[in-house]
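Pasting query_38.txt here (compact mmCIF, C-alpha atoms):
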# COMPACT_ATOMS: atom_id res chain seq x y z
CA MET A 1 0.00 0.00 0.00
CA PRO A 2 1.53 3.31 -1.06
CA ASP A 3 2.40 5.92 1.52
CA TYR A 4 -0.19 8.58 0.70
CA LYS A 5 0.50 12.19 1.56
CA LYS A 6 -1.66 15.23 2.27
CA TYR A 7 -1.29 18.72 0.84
CA GLN A 8 -2.90 21.88 2.12
CA CYS A 9 -4.08 24.92 0.19
CA GLY A 10 -2.23 27.98 1.51
CA VAL A 11 -5.09 30.26 0.51
CA CYS A 12 -8.11 28.64 2.16
CA GLY A 13 -6.87 25.64 4.15
CA HIS A 14 -8.42 22.94 1.94
CA ILE A 15 -6.66 19.59 2.35
CA TYR A 16 -5.94 17.33 -0.61
CA ASP A 17 -5.49 13.75 0.57
CA GLU A 18 -3.91 11.51 -2.06
CA ALA A 19 -5.76 8.50 -0.64
CA GLU A 20 -9.14 10.15 -1.17
CA GLY A 21 -8.42 12.13 -4.33
CA ASP A 22 -11.04 14.70 -5.27
CA PRO A 23 -13.72 12.91 -7.29
CA ASP A 24 -15.82 16.07 -7.72
CA THR A 25 -13.06 17.65 -9.82
CA GLY A 26 -12.21 14.42 -11.61
CA ILE A 27 -9.25 13.34 -9.49
CA ALA A 28 -9.59 9.64 -8.65
CA PRO A 29 -8.79 8.29 -5.18
CA GLY A 30 -5.14 7.30 -4.97
CA THR A 31 -3.94 10.02 -7.37
CA LEU A 32 -0.49 11.22 -6.31
CA TRP A 33 0.08 14.96 -6.08
CA GLU A 34 2.59 15.03 -8.92
CA ASP A 35 0.07 13.30 -11.19
CA ILE A 36 -2.55 16.04 -10.80
CA PRO A 37 -2.54 18.36 -13.84
CA ASP A 38 -0.96 21.78 -13.33
CA GLU A 39 -4.23 23.49 -14.34
CA TRP A 40 -6.09 21.84 -11.45
CA ARG A 41 -7.25 24.39 -8.89
CA CYS A 42 -8.38 24.24 -5.29
CA PRO A 43 -11.99 23.02 -5.39
CA GLU A 44 -12.96 25.36 -2.55
CA CYS A 45 -11.25 28.65 -3.32
CA GLY A 46 -9.87 28.38 -6.85
CA ALA A 47 -6.22 28.85 -5.86
CA GLU A 48 -3.60 27.35 -8.17
CA LYS A 49 -1.92 24.03 -7.48
CA SER A 50 1.32 25.88 -6.67
CA GLU A 51 -0.38 27.40 -3.58
CA TYR A 52 -0.47 23.98 -1.88
CA ASP A 53 2.15 22.80 0.59
CA LEU A 54 2.98 19.31 1.76
CA MET A 55 1.63 18.77 5.27
CA ALA A 56 4.08 17.70 7.94
CA MET B 1 -40.89 24.23 0.88
CA GLN B 2 -39.54 27.64 -0.16
CA ILE B 3 -35.93 28.22 0.86
CA VAL B 4 -34.53 31.72 0.44
CA ILE B 5 -30.83 32.48 0.87
CA ILE B 6 -29.36 35.98 1.07
CA GLY B 7 -25.73 36.11 -0.07
CA SER B 8 -23.70 34.44 -2.83
CA GLY B 9 -20.39 33.84 -1.07
CA VAL B 10 -19.05 30.48 -0.01
CA ALA B 11 -21.70 30.16 2.73
CA GLY B 12 -24.77 30.81 0.59
CA VAL B 13 -23.58 28.93 -2.50
CA SER B 14 -22.26 25.87 -0.64
CA PHE B 15 -25.54 25.62 1.25
CA ALA B 16 -27.66 26.01 -1.90
CA GLU B 17 -25.76 23.35 -3.84
CA LYS B 18 -25.73 20.86 -0.98
CA TYR B 19 -29.39 21.36 -0.20
CA ARG B 20 -30.26 20.97 -3.88
CA ALA B 21 -28.33 17.70 -3.96
CA LEU B 22 -30.28 16.40 -0.96
CA SER B 23 -33.73 17.65 -1.87
CA ALA B 24 -34.97 17.73 -5.46
CA ASP B 25 -38.40 19.23 -4.76
CA ASP B 26 -37.98 22.29 -2.60
CA ASP B 27 -37.66 25.71 -4.24
CA ILE B 28 -34.31 27.38 -3.62
CA THR B 29 -33.82 31.08 -4.36
CA LEU B 30 -30.53 32.82 -3.79
CA VAL B 31 -30.62 36.61 -3.63
CA THR B 32 -27.41 38.62 -4.04
CA TRP B 33 -26.27 42.14 -4.83
CA GLU B 34 -23.28 40.71 -6.72
CA ASP B 35 -23.42 40.54 -10.53
CA ASP B 36 -20.19 38.74 -11.38
CA GLY B 37 -20.94 35.22 -10.21
CA TYR B 38 -19.73 33.18 -7.26
CA TYR B 39 -16.12 34.14 -6.71
CA SER B 40 -13.32 33.24 -4.33
CA ARG B 41 -13.01 35.84 -1.63
CA PRO B 42 -9.59 34.61 -0.36
CA LEU B 43 -8.14 35.13 -3.83
CA LEU B 44 -8.81 38.88 -3.54
CA SER B 45 -5.48 38.91 -1.67
CA ARG B 46 -3.75 37.71 -4.84
CA GLY B 47 -5.45 40.36 -6.92
CA PHE B 48 -2.34 42.20 -8.15
CA THR B 49 0.20 39.47 -8.85
CA LYS B 50 -2.24 37.46 -10.97
CA THR B 51 -2.93 39.19 -14.26
CA ASP B 52 -6.00 37.12 -15.19
CA ILE B 53 -7.54 37.30 -11.72
CA GLU B 54 -10.77 38.99 -12.84
CA GLN B 55 -11.64 35.81 -14.76
CA THR B 56 -9.94 33.14 -12.67
CA ILE B 57 -11.42 34.38 -9.40
CA ILE B 58 -14.91 33.37 -10.61
CA LEU B 59 -15.51 29.86 -9.30
CA LYS B 60 -18.96 29.56 -10.84
CA PRO B 61 -21.06 31.85 -13.02
CA PHE B 62 -24.62 32.28 -11.68
CA ASP B 63 -25.95 30.47 -14.76
CA LYS B 64 -24.19 27.31 -13.57
CA LEU B 65 -26.26 27.49 -10.38
CA ARG B 66 -29.41 28.13 -12.41
CA GLU B 67 -28.70 25.00 -14.49
CA ASN B 68 -28.71 23.19 -11.17
CA ASN B 69 -32.26 24.40 -10.49
CA ILE B 70 -31.21 27.13 -8.05
CA ASN B 71 -33.01 30.36 -8.80
CA VAL B 72 -30.54 33.28 -8.58
CA LEU B 73 -31.65 36.91 -8.30
CA CYS B 74 -28.46 38.89 -8.83
CA GLY B 75 -27.88 42.63 -8.63
CA ALA B 76 -30.64 42.67 -6.02
CA GLU B 77 -30.70 44.51 -2.74
CA VAL B 78 -32.76 43.13 0.13
CA THR B 79 -34.44 46.05 1.87
CA ALA B 80 -36.38 44.32 4.67
CA ILE B 81 -37.22 41.04 6.33
CA ASN B 82 -40.89 40.77 7.27
CA ARG B 83 -40.87 38.06 9.94
CA ALA B 84 -44.60 38.11 10.63
CA GLY B 85 -45.42 37.55 6.95
CA LYS B 86 -42.33 35.34 6.34
CA SER B 87 -41.19 37.36 3.35
CA ILE B 88 -38.35 39.59 2.26
CA ALA B 89 -38.61 42.82 0.28
CA LEU B 90 -36.07 43.40 -2.46
CA ASN B 91 -35.15 45.90 -5.05
CA GLY B 92 -33.50 45.10 -8.35
CA SER B 93 -33.66 44.91 -12.11
CA TRP B 94 -34.56 41.19 -12.22
CA SER B 95 -31.77 40.26 -14.52
CA HIS B 96 -32.64 36.59 -13.94
CA ARG B 97 -35.07 37.03 -16.83
CA PHE B 98 -32.05 37.50 -19.06
CA PRO B 99 -30.42 34.15 -18.56
CA THR B 100 -27.35 34.63 -20.72
CA ASP B 101 -25.86 37.46 -18.75
CA CYS B 102 -26.13 39.32 -15.54
CA ASP B 103 -24.92 42.65 -16.81
CA THR B 104 -27.73 44.86 -15.64
CA SER B 105 -26.08 47.94 -17.15
CA ALA B 106 -27.56 46.96 -20.54
CA ILE B 107 -31.06 46.90 -19.11
CA PRO B 108 -32.99 50.16 -18.70
CA SER B 109 -32.79 51.21 -15.11
CA SER B 110 -36.24 50.06 -14.15
CA ARG B 111 -35.51 48.97 -10.64
CA GLN B 112 -38.52 47.35 -9.12
CA GLU B 113 -39.69 46.26 -5.74
CA LYS B 114 -40.45 42.63 -5.23
CA THR B 115 -41.57 40.42 -2.35
CA LEU B 116 -40.39 36.88 -1.87
CA GLN B 117 -42.05 34.41 0.51
CA TYR B 118 -39.96 31.96 2.52
CA ASP B 119 -40.48 28.97 4.75
CA LYS B 120 -36.83 29.00 5.77
CA LEU B 121 -34.58 32.02 5.38
CA ILE B 122 -30.79 31.67 5.39
CA LEU B 123 -28.78 34.80 6.14
CA ALA B 124 -25.31 34.62 4.59
CA GLN B 125 -24.49 38.21 3.66
CA GLY B 126 -20.89 38.07 4.82
CA SER B 127 -19.11 41.17 5.96
CA SER B 128 -18.11 44.59 4.73
CA ALA B 129 -14.91 46.45 5.42
CA PHE B 130 -14.81 48.12 8.81
CA ILE B 131 -14.01 51.82 8.53
CA PRO B 132 -12.97 53.40 11.85
CA PRO B 133 -15.19 56.44 12.58
CA PRO B 134 -12.38 59.04 12.25
CA PHE B 135 -11.79 57.93 8.62
CA ARG B 136 -15.43 58.00 7.52
CA PRO B 137 -15.48 61.66 6.42
CA TYR B 138 -12.68 60.85 3.93
CA GLU B 139 -14.40 57.92 2.21
CA LYS B 140 -13.81 59.35 -1.27
CA LEU B 141 -10.05 59.41 -0.71
CA PHE B 142 -9.36 55.74 -0.08
CA PHE B 143 -10.01 52.25 -1.36
CA CYS B 144 -10.98 49.11 0.55
CA LEU B 145 -10.49 45.53 -0.59
CA ASN B 146 -13.49 43.53 0.47
CA SER B 147 -15.22 42.46 -2.74
CA LEU B 148 -14.54 41.82 -6.41
CA VAL B 149 -16.06 45.24 -7.19
CA ASP B 150 -13.42 46.80 -4.89
CA LEU B 151 -10.64 44.77 -6.52
CA LYS B 152 -11.69 45.84 -10.02
CA ALA B 153 -11.70 49.51 -8.96
CA LEU B 154 -8.22 49.13 -7.44
CA ARG B 155 -6.87 47.33 -10.50
CA LYS B 156 -8.26 49.99 -12.82
CA PHE B 157 -6.67 52.75 -10.74
CA ARG B 158 -3.36 50.88 -10.70
CA GLN B 159 -3.49 50.24 -14.45
CA GLY B 160 -3.60 54.02 -15.00
CA PHE B 161 -0.06 54.19 -13.55
CA LEU B 162 1.25 51.06 -15.25
CA SER B 163 0.16 52.34 -18.64
CA GLN B 164 2.40 55.39 -18.02
CA ASN B 165 5.27 53.05 -17.23
CA ARG B 166 5.32 53.68 -13.54
CA HIS B 167 4.28 51.81 -10.42
CA PRO B 168 2.07 53.59 -7.90
CA ASP B 169 3.24 54.46 -4.41
CA TRP B 170 0.71 53.08 -1.90
CA ALA B 171 -0.16 53.70 1.72
CA ILE B 172 -1.99 50.90 3.47
CA VAL B 173 -3.58 51.70 6.82
CA GLY B 174 -3.96 48.63 9.02
CA GLY B 175 -1.45 45.86 9.75
CA GLY B 176 -3.94 43.07 10.37
CA LEU B 177 -4.52 40.07 8.13
CA ILE B 178 -5.88 41.91 5.06
CA GLY B 179 -3.46 44.84 5.31
CA CYS B 180 -0.43 42.52 5.46
CA GLU B 181 -1.72 40.35 2.61
CA VAL B 182 -2.43 43.30 0.33
CA ALA B 183 0.90 44.97 1.17
CA SER B 184 2.69 41.75 0.31
CA ASP B 185 0.86 41.24 -2.97
CA LEU B 186 1.31 44.85 -4.16
CA ALA B 187 5.02 44.72 -3.30
CA ALA B 188 5.36 41.40 -5.13
CA ALA B 189 3.69 43.04 -8.13
CA GLY B 190 6.43 45.71 -8.10
CA ASP B 191 4.70 48.64 -6.37
CA LYS B 192 6.07 50.80 -3.59
CA VAL B 193 4.19 50.16 -0.33
CA THR B 194 4.13 51.82 3.10
CA LEU B 195 2.13 50.01 5.76
CA PHE B 196 0.84 52.01 8.75
CA HIS B 197 -0.15 50.02 11.83
CA ALA B 198 -1.52 51.39 15.11
CA MET B 199 -0.03 48.70 17.34
CA ASP B 200 3.56 47.75 18.18
CA ARG B 201 3.48 44.52 16.16
CA LEU B 202 1.75 43.14 13.07
CA MET B 203 -1.37 40.95 13.25
CA GLU B 204 -1.20 41.11 17.04
CA ARG B 205 -4.67 39.62 17.36
CA GLN B 206 -3.82 36.42 15.50
CA LEU B 207 -0.08 35.83 15.81
CA ALA B 208 2.33 34.98 18.61
CA ALA B 209 4.89 37.78 19.14
CA GLU B 210 7.75 35.85 17.44
CA ASP B 211 5.60 35.25 14.39
CA SER B 212 4.73 38.96 14.21
CA ALA B 213 8.48 39.68 14.19
CA LEU B 214 9.02 37.09 11.45
CA LEU B 215 6.18 38.58 9.40
CA LEU B 216 7.69 42.05 9.80
CA LYS B 217 11.00 40.77 8.44
CA VAL B 218 9.35 38.98 5.49
CA LEU B 219 7.43 42.12 4.53
CA GLN B 220 10.48 44.36 4.92
CA ASP B 221 12.59 41.99 2.82
CA SER B 222 9.96 42.18 0.09
CA GLY B 223 10.35 45.96 0.05
CA VAL B 224 7.39 47.04 2.19
CA LYS B 225 8.12 49.96 4.50
CA VAL B 226 6.39 49.08 7.78
CA LEU B 227 5.59 51.84 10.29
CA LEU B 228 4.40 50.59 13.70
CA ASN B 229 2.77 52.57 16.55
CA GLN B 230 1.20 54.97 14.08
CA ALA B 231 -1.75 57.09 15.13
CA VAL B 232 -3.26 57.93 11.75
CA GLN B 233 -5.38 61.05 12.21
CA GLY B 234 -6.83 61.51 8.78
CA PHE B 235 -6.16 62.05 5.11
CA ILE B 236 -5.73 65.09 2.90
CA LYS B 237 -6.29 65.36 -0.83
CA GLU B 238 -3.55 67.14 -2.77
CA GLU B 239 -3.89 67.45 -6.54
CA ASN B 240 -2.82 64.00 -7.74
CA LYS B 241 -1.75 62.74 -4.35
CA VAL B 242 -3.35 61.72 -1.12
CA CYS B 243 -1.63 62.41 2.20
CA VAL B 244 -1.67 60.38 5.39
CA ARG B 245 -1.50 62.48 8.56
CA THR B 246 0.28 61.06 11.59
CA GLU B 247 2.75 63.17 13.53
CA VAL B 248 4.09 64.00 10.10
CA THR B 249 2.36 64.12 6.74
CA ALA B 250 3.42 61.85 3.90
CA GLU B 251 2.03 61.74 0.36
CA PHE B 252 1.09 58.77 -1.79
CA ASP B 253 -0.59 57.95 -5.10
CA GLY B 254 -3.15 55.63 -3.59
CA LEU B 255 -4.53 54.77 -0.20
CA ILE B 256 -6.08 51.54 1.09
CA VAL B 257 -7.81 51.27 4.46
CA ALA B 258 -7.71 47.73 5.84
CA CYS B 259 -8.92 47.93 9.44
CA GLY B 260 -10.88 44.71 9.75
CA PHE B 261 -14.35 43.54 8.81
CA LYS B 262 -17.86 44.13 10.04
CA PRO B 263 -20.55 41.46 9.68
CA ARG B 264 -23.57 42.72 7.71
CA THR B 265 -26.10 42.55 10.53
CA GLU B 266 -28.19 45.63 9.63
CA LEU B 267 -31.13 43.77 8.03
CA ALA B 268 -31.36 41.27 10.86
CA GLU B 269 -31.20 44.07 13.39
CA LEU B 270 -34.00 45.99 11.65
CA ALA B 271 -36.06 42.82 11.75
CA GLY B 272 -35.53 42.59 15.51
CA LEU B 273 -33.31 39.50 15.59
CA GLU B 274 -30.83 39.17 18.45
CA ILE B 275 -27.53 40.76 17.53
CA GLY B 276 -24.11 40.80 19.15
CA ARG B 277 -20.96 41.25 17.07
CA GLY B 278 -22.81 39.12 14.54
CA ILE B 279 -26.31 37.68 14.29
CA LYS B 280 -26.70 35.47 17.35
CA VAL B 281 -27.37 31.81 16.58
CA ASN B 282 -27.67 28.66 18.69
CA GLN B 283 -25.69 25.43 18.09
CA TYR B 284 -28.11 24.67 15.24
CA LEU B 285 -27.21 27.96 13.51
CA GLN B 286 -30.74 29.13 14.19
CA THR B 287 -31.32 32.80 15.01
CA SER B 288 -33.79 34.06 17.59
CA ASP B 289 -36.49 33.47 14.92
CA GLU B 290 -37.00 29.73 14.40
CA SER B 291 -37.51 30.09 10.63
CA ILE B 292 -34.29 32.07 10.11
CA TYR B 293 -30.75 30.68 10.13
CA ALA B 294 -27.40 32.43 9.74
CA LEU B 295 -24.14 31.18 8.24
CA GLY B 296 -20.57 32.34 7.80
CA ASP B 297 -19.18 35.77 8.70
CA VAL B 298 -22.54 37.02 10.02
CA ALA B 299 -23.21 34.14 12.43
CA GLU B 300 -22.17 34.58 16.05
CA LEU B 301 -22.13 31.23 17.88
CA PRO B 302 -23.05 30.85 21.58
CA ASN B 303 -19.30 30.85 22.42
CA GLY B 304 -19.14 34.40 21.02
CA LYS B 305 -17.09 33.34 17.98
CA LEU B 306 -17.52 34.23 14.34
CA TYR B 307 -15.94 31.69 12.00
CA ALA B 308 -14.83 33.90 9.13
CA PHE B 309 -12.67 31.37 7.23
CA ILE B 310 -13.49 29.20 4.22
CA LEU B 311 -13.06 25.83 5.90
CA PRO B 312 -15.40 26.28 8.88
CA ILE B 313 -17.88 28.27 6.78
CA ARG B 314 -18.18 25.49 4.22
CA ASN B 315 -18.52 23.06 7.08
CA GLN B 316 -21.39 25.12 8.52
CA ALA B 317 -23.13 25.38 5.15
CA LEU B 318 -22.93 21.65 4.41
CA TRP B 319 -24.02 20.80 7.93
CA LEU B 320 -27.05 23.13 7.75
CA ALA B 321 -28.14 21.67 4.41
CA GLU B 322 -28.01 18.18 5.87
CA PHE B 323 -29.77 19.29 9.04
CA LEU B 324 -32.62 21.01 7.20
CA ALA B 325 -32.94 18.03 4.86
CA GLY B 326 -33.46 15.86 7.95
CA GLN B 327 -30.18 13.98 7.62
CA LYS B 328 -28.43 15.31 10.73
CA GLN B 329 -29.72 15.66 14.28
CA ASP B 330 -26.62 16.60 16.22
CA SER B 331 -25.76 20.27 16.52
CA TRP B 332 -22.94 21.93 14.55
CA THR B 333 -19.49 21.68 16.06
CA PRO B 334 -16.57 23.62 14.62
CA PRO B 335 -14.07 21.50 12.65
CA VAL B 336 -10.38 21.55 13.45
CA PHE B 337 -8.75 24.00 11.07
CA THR B 338 -5.63 26.07 10.67
CA THR B 339 -5.28 29.25 8.70
CA LYS B 340 -2.34 31.20 7.46
CA ALA B 341 -1.70 34.70 6.27
CA LYS B 342 -1.37 34.85 2.48
CA VAL B 343 1.83 36.83 2.65
CA HIS B 344 4.34 35.76 -0.01
CA GLY B 345 7.10 33.80 1.75
CA PHE B 346 5.62 33.81 5.25
CA GLU B 347 4.88 30.66 7.27
CA ALA B 348 3.74 31.21 10.86
CA VAL B 349 5.20 28.66 13.22
CA HIS B 350 2.46 28.92 15.83
CA PRO B 351 -1.23 28.30 15.38
CA TYR B 352 -3.47 31.30 14.94
CA ASN B 353 -5.99 32.72 17.28
CA VAL B 354 -9.29 33.04 15.48

Show me, as structure tokens, the structure contained in the file I just sent.
Amino acid sequence: MPDYKKYQCGVCGHIYDEAEGDPDTGIAPGTLWEDIPDEWRCPECGAEKSEYDLMA
Amino acid sequence: MQIVIIGSGVAGVSFAEKYRALSADDDITLVTWEDDGYYSRPLLSRGFTKTDIEQTIILKPFDKLRENNINVLCGAEVTAINRAGKSIALNGSWSHRFPTDCDTSAIPSSRQEKTLQYDKLILAQGSSAFIPPPFRPYEKLFFCLNSLVDLKALRKFRQGFLSQNRHPDWAIVGGGLIGCEVASDLAAAGDKVTLFHAMDRLMERQLAAEDSALLLKVLQDSGVKVLLNQAVQGFIKEENKVCVRTEVTAEFDGLIVACGFKPRTELAELAGLEIGRGIKVNQYLQTSDESIYALGDVAELPNGKLYAFILPIRNQALWLAEFLAGQKQDSWTPPVFTTKAKVHGFEAVHPYNV
């Protein structure tokens, strides 16, 4: 089982969990952060992918 | 059932969409004074470094909500809540009859009164910029940054300088969250920025003292001139400049007042609902009128807190939709969340006070 990570949006606090993905925006569960397209944006505030940081 | 929502920010829109998903039959009407669509309020703080922000900030045009069977009355001002008759009075041009756009400027200015009945009313008007009383007489001299309309006005003003190949010289009054974020973004966009703050450290209400010091350094390194312990007395208009009066007088091209926010409680107050800093609600987000609920920046919980951040607001909105659809019985409890100042290059080490 892969070691899934979580990333947090620096603009609104939304958490992207690789294990859960984000099905509403077309990101399947288990999608790794680096496999999300660069155009993908925070589903809650619209911030760009580059605004996210890896959570400790 | 007739559900009426006032406000098209994250609270109102998240509630409307979730409730629609849970209940196909009830009528949902969302009333808003905005015309541009549902946009991301946090991204206002990135309004100068992002060139395409006026488009990318829109998360959903109102027509997308209409396709989802949510009736949207945009460009509408609610003038009263009639609790006895369970209706609201509003004033607008009814641009919802023109489904392809919401640009009411093209429609003859035939503003009309209208009454809308509700079974449940959701108040989600958010907040406006707080202007300290001593600054109110000077309202024509400064900008605020609280809405997309404000951002567009600021960008247009700024563009006037850029098109003459120069960057404006800004004064920002207020070293709280918004003031620091805007100072950071303007500096990152290449403008000259002076930040005036009344207290001896930045964001003193949210940050631990060491983090305030770190934030000060980050802002200074990005070129922002930070002036602490400043008693700003007022502003003076000089030809093409505006002056900030403290013990000395300094002149700038543009002025932004960022002294906090004020929940829009006026309508609720006129209707006789219980008001504190916000509209008082119980643990079920219900106001002192059992048919009226409040969400987001305007809702003051029994612990005295207002949860003015995206994460808890969305949580409230989704919870209320489930509760009103009969799918939740337990009261709302705040989620665990952290926030951070959107200052380029700044990471607070300690958790915030909210």

Would you pick out the contacts of stretch 264-266 of chain B at 10 Å or less, using all atoms listed in the file, so that residues sharing its chain but fewer than 5 positions from it are not included, and give the list as an mmCIF file with C-alpha atoms, keeping the file's coordinate frame?
data_model
loop_
_atom_site.group_PDB
_atom_site.id
_atom_site.type_symbol
_atom_site.label_atom_id
_atom_site.label_comp_id
_atom_site.auth_asym_id
_atom_site.auth_seq_id
_atom_site.Cartn_x
_atom_site.Cartn_y
_atom_site.Cartn_z
ATOM 1 C CA THR B 79 -34.440 46.050 1.870
ATOM 2 C CA ALA B 80 -36.380 44.320 4.670
ATOM 3 C CA LEU B 123 -28.780 34.800 6.140
ATOM 4 C CA ALA B 124 -25.310 34.620 4.590
ATOM 5 C CA GLN B 125 -24.490 38.210 3.660
ATOM 6 C CA GLY B 126 -20.890 38.070 4.820
ATOM 7 C CA SER B 127 -19.110 41.170 5.960
ATOM 8 C CA SER B 128 -18.110 44.590 4.730
ATOM 9 C CA ALA B 129 -14.910 46.450 5.420
ATOM 10 C CA ALA B 271 -36.060 42.820 11.750
ATOM 11 C CA GLY B 272 -35.530 42.590 15.510
ATOM 12 C CA LEU B 273 -33.310 39.500 15.590
ATOM 13 C CA GLU B 274 -30.830 39.170 18.450
ATOM 14 C CA ILE B 275 -27.530 40.760 17.530
ATOM 15 C CA GLY B 276 -24.110 40.800 19.150
ATOM 16 C CA ARG B 277 -20.960 41.250 17.070
ATOM 17 C CA GLY B 278 -22.810 39.120 14.540
ATOM 18 C CA ILE B 279 -26.310 37.680 14.290
ATOM 19 C CA LYS B 280 -26.700 35.470 17.350
ATOM 20 C CA ASP B 297 -19.180 35.770 8.700
ATOM 21 C CA VAL B 298 -22.540 37.020 10.020
ATOM 22 C CA ALA B 299 -23.210 34.140 12.430
#

Dump as an mmCIF file with C-alpha atoms, in the frame of the given file the residues of chain A that approach chain B to within 7 Å, counting only C-alpha atoms.
data_model
loop_
_atom_site.group_PDB
_atom_site.id
_atom_site.type_symbol
_atom_site.label_atom_id
_atom_site.label_comp_id
_atom_site.auth_asym_id
_atom_site.auth_seq_id
_atom_site.Cartn_x
_atom_site.Cartn_y
_atom_site.Cartn_z
ATOM 1 C CA GLY A 10 -2.230 27.980 1.510
ATOM 2 C CA VAL A 11 -5.090 30.260 0.510
ATOM 3 C CA CYS A 12 -8.110 28.640 2.160
ATOM 4 C CA GLY A 13 -6.870 25.640 4.150
ATOM 5 C CA HIS A 14 -8.420 22.940 1.940
ATOM 6 C CA CYS A 45 -11.250 28.650 -3.320
ATOM 7 C CA GLY A 46 -9.870 28.380 -6.850
ATOM 8 C CA ALA A 47 -6.220 28.850 -5.860
#

| Distance atom CA of B:Met1-atom CA of B:Ser291, one decimal place? | 11.9 Å

| Residues at most 12 Å from B:Ile6, counting all atoms listed in the file, excluding those fewer than 6 positions away in the same chain, as a ChimeraX atom specification? | /B:12-13,15-16,28-34,71-81,88-90,116,118,120-126,264-265,267-268,292-296,298

| Separation of atom CA of A:Ser50 and atom CA of A:Asp38, in Å? |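 Answer for the atom CA of A:Ser50 to atom CA of A:Asp38 separation: 8.1 Å.
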
| message | For a quick check of your reading of the model, name the residues lying within 6 Å of the coordinate (-5.5, 16.7, -0.9), counting all atoms listed in the file, and write them as a ChimeraX atom specification. | response | /A:6-7,15-18

| query | How many Å lie between atom CA of A:Pro23 and atom CA of B:Pro61, rounded to one decimal? | reply |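 Here the two named atoms are 21.1 Å from each other.
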
| query | Looking at B:Arg201, B:Arg83, B:Arg20, B:Lys156, which one is nearest to B:Glu54, with distances taken over all atoms listed in the file? | reply | B:Lys156

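Proximity ranking of B:Thr194, B:Gln230, B:Ser184, B:Gln117 relative to B:His344 places B:Ser184 first, based on only C-alpha atoms.
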
| message | With only C-alpha atoms as the counted atoms, please give the residues lying no more than 7 Å from stretch 320-330 of chain B, apart from itself and same-chain residues fewer than 4 positions off, as a list in words. | response |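 These residues fall inside the cut-off: Phe15, Lys18, Tyr19, Leu22, Ser23 and Gln316 of chain B.
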
Around all the atoms of stretch 338-341 of chain B listed in the file, draw an axis-aligned box and extend it by 4 Å on each of the six sides; I want its centre and edge lengths in Å to one decimal, as JSON.
{"center_x": -3.7, "center_y": 30.4, "center_z": 8.5, "size_x": 11.9, "size_y": 16.6, "size_z": 12.4}

| message | Neighbouring residues of B:Asp253 were defined as those with any atom within 6 Å, considering all atoms listed in the file; residues of the same chain fewer than 6 positions away were excluded. Please report them as a PyMOL selection string. | response | chain B and resi 168-170+241

| request: Check the smallest atom-to-atom distance from each of B:Ile178, B:Leu219, B:Leu285, B:Val336 to B:Trp319 using only C-alpha atoms, then report the winner. | output: B:Leu285

Determine, counting only C-alpha atoms, which protein, DNA and RNA residues have an atom within 8 Å of an atom of B:Val218; residues of the same chain fewer than 3 positions away are not included. Present the result as a PDB file with C-alpha atoms, in the frame of the given file.
ATOM      1  CA  LEU B 214       9.020  37.090  11.450  1.00  0.00           C
ATOM      2  CA  LEU B 215       6.180  38.580   9.400  1.00  0.00           C
ATOM      3  CA  ASP B 221      12.590  41.990   2.820  1.00  0.00           C
ATOM      4  CA  SER B 222       9.960  42.180   0.090  1.00  0.00           C
ATOM      5  CA  GLY B 345       7.100  33.800   1.750  1.00  0.00           C
ATOM      6  CA  PHE B 346       5.620  33.810   5.250  1.00  0.00           C
TER       7      PHE B 346
END

| task | Go through B:Gly7, B:Ile313, B:Asp119, B:Gln220 and flag the residue nearest A:Glu44, using only C-alpha atoms for the distances. | result | B:Ile313

Missing atoms in stretch 219-225 of chain B: can you complete it with N, CA, C and O atoms, as an mmCIF file, in the coordinates of the input?
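Dumped everything to result_27.cif:
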data_model
loop_
_atom_site.group_PDB
_atom_site.id
_atom_site.type_symbol
_atom_site.label_atom_id
_atom_site.label_comp_id
_atom_site.auth_asym_id
_atom_site.auth_seq_id
_atom_site.Cartn_x
_atom_site.Cartn_y
_atom_site.Cartn_z
ATOM 1 N N LEU B 219 7.979 40.978 5.269
ATOM 2 C CA LEU B 219 7.430 42.120 4.530
ATOM 3 C C LEU B 219 8.522 43.131 4.191
ATOM 4 O O LEU B 219 8.592 43.636 3.071
ATOM 5 N N GLN B 220 9.391 43.406 5.169
ATOM 6 C CA GLN B 220 10.480 44.360 4.920
ATOM 7 C C GLN B 220 11.403 43.860 3.809
ATOM 8 O O GLN B 220 11.801 44.616 2.933
ATOM 9 N N ASP B 221 11.722 42.563 3.854
ATOM 10 C CA ASP B 221 12.590 41.990 2.820
ATOM 11 C C ASP B 221 11.952 42.068 1.432
ATOM 12 O O ASP B 221 12.644 42.083 0.424
ATOM 13 N N SER B 222 10.612 42.092 1.401
ATOM 14 C CA SER B 222 9.960 42.180 0.090
ATOM 15 C C SER B 222 9.818 43.630 -0.363
ATOM 16 O O SER B 222 9.231 43.909 -1.408
ATOM 17 N N GLY B 223 10.336 44.558 0.454
ATOM 18 C CA GLY B 223 10.350 45.960 0.050
ATOM 19 C C GLY B 223 9.279 46.823 0.674
ATOM 20 O O GLY B 223 9.181 48.015 0.391
ATOM 21 N N VAL B 224 8.440 46.245 1.546
ATOM 22 C CA VAL B 224 7.390 47.040 2.190
ATOM 23 C C VAL B 224 8.008 47.850 3.332
ATOM 24 O O VAL B 224 8.774 47.322 4.140
ATOM 25 N N LYS B 225 7.676 49.127 3.385
ATOM 26 C CA LYS B 225 8.120 49.960 4.500
ATOM 27 C C LYS B 225 7.033 49.859 5.573
ATOM 28 O O LYS B 225 5.883 50.244 5.337
#
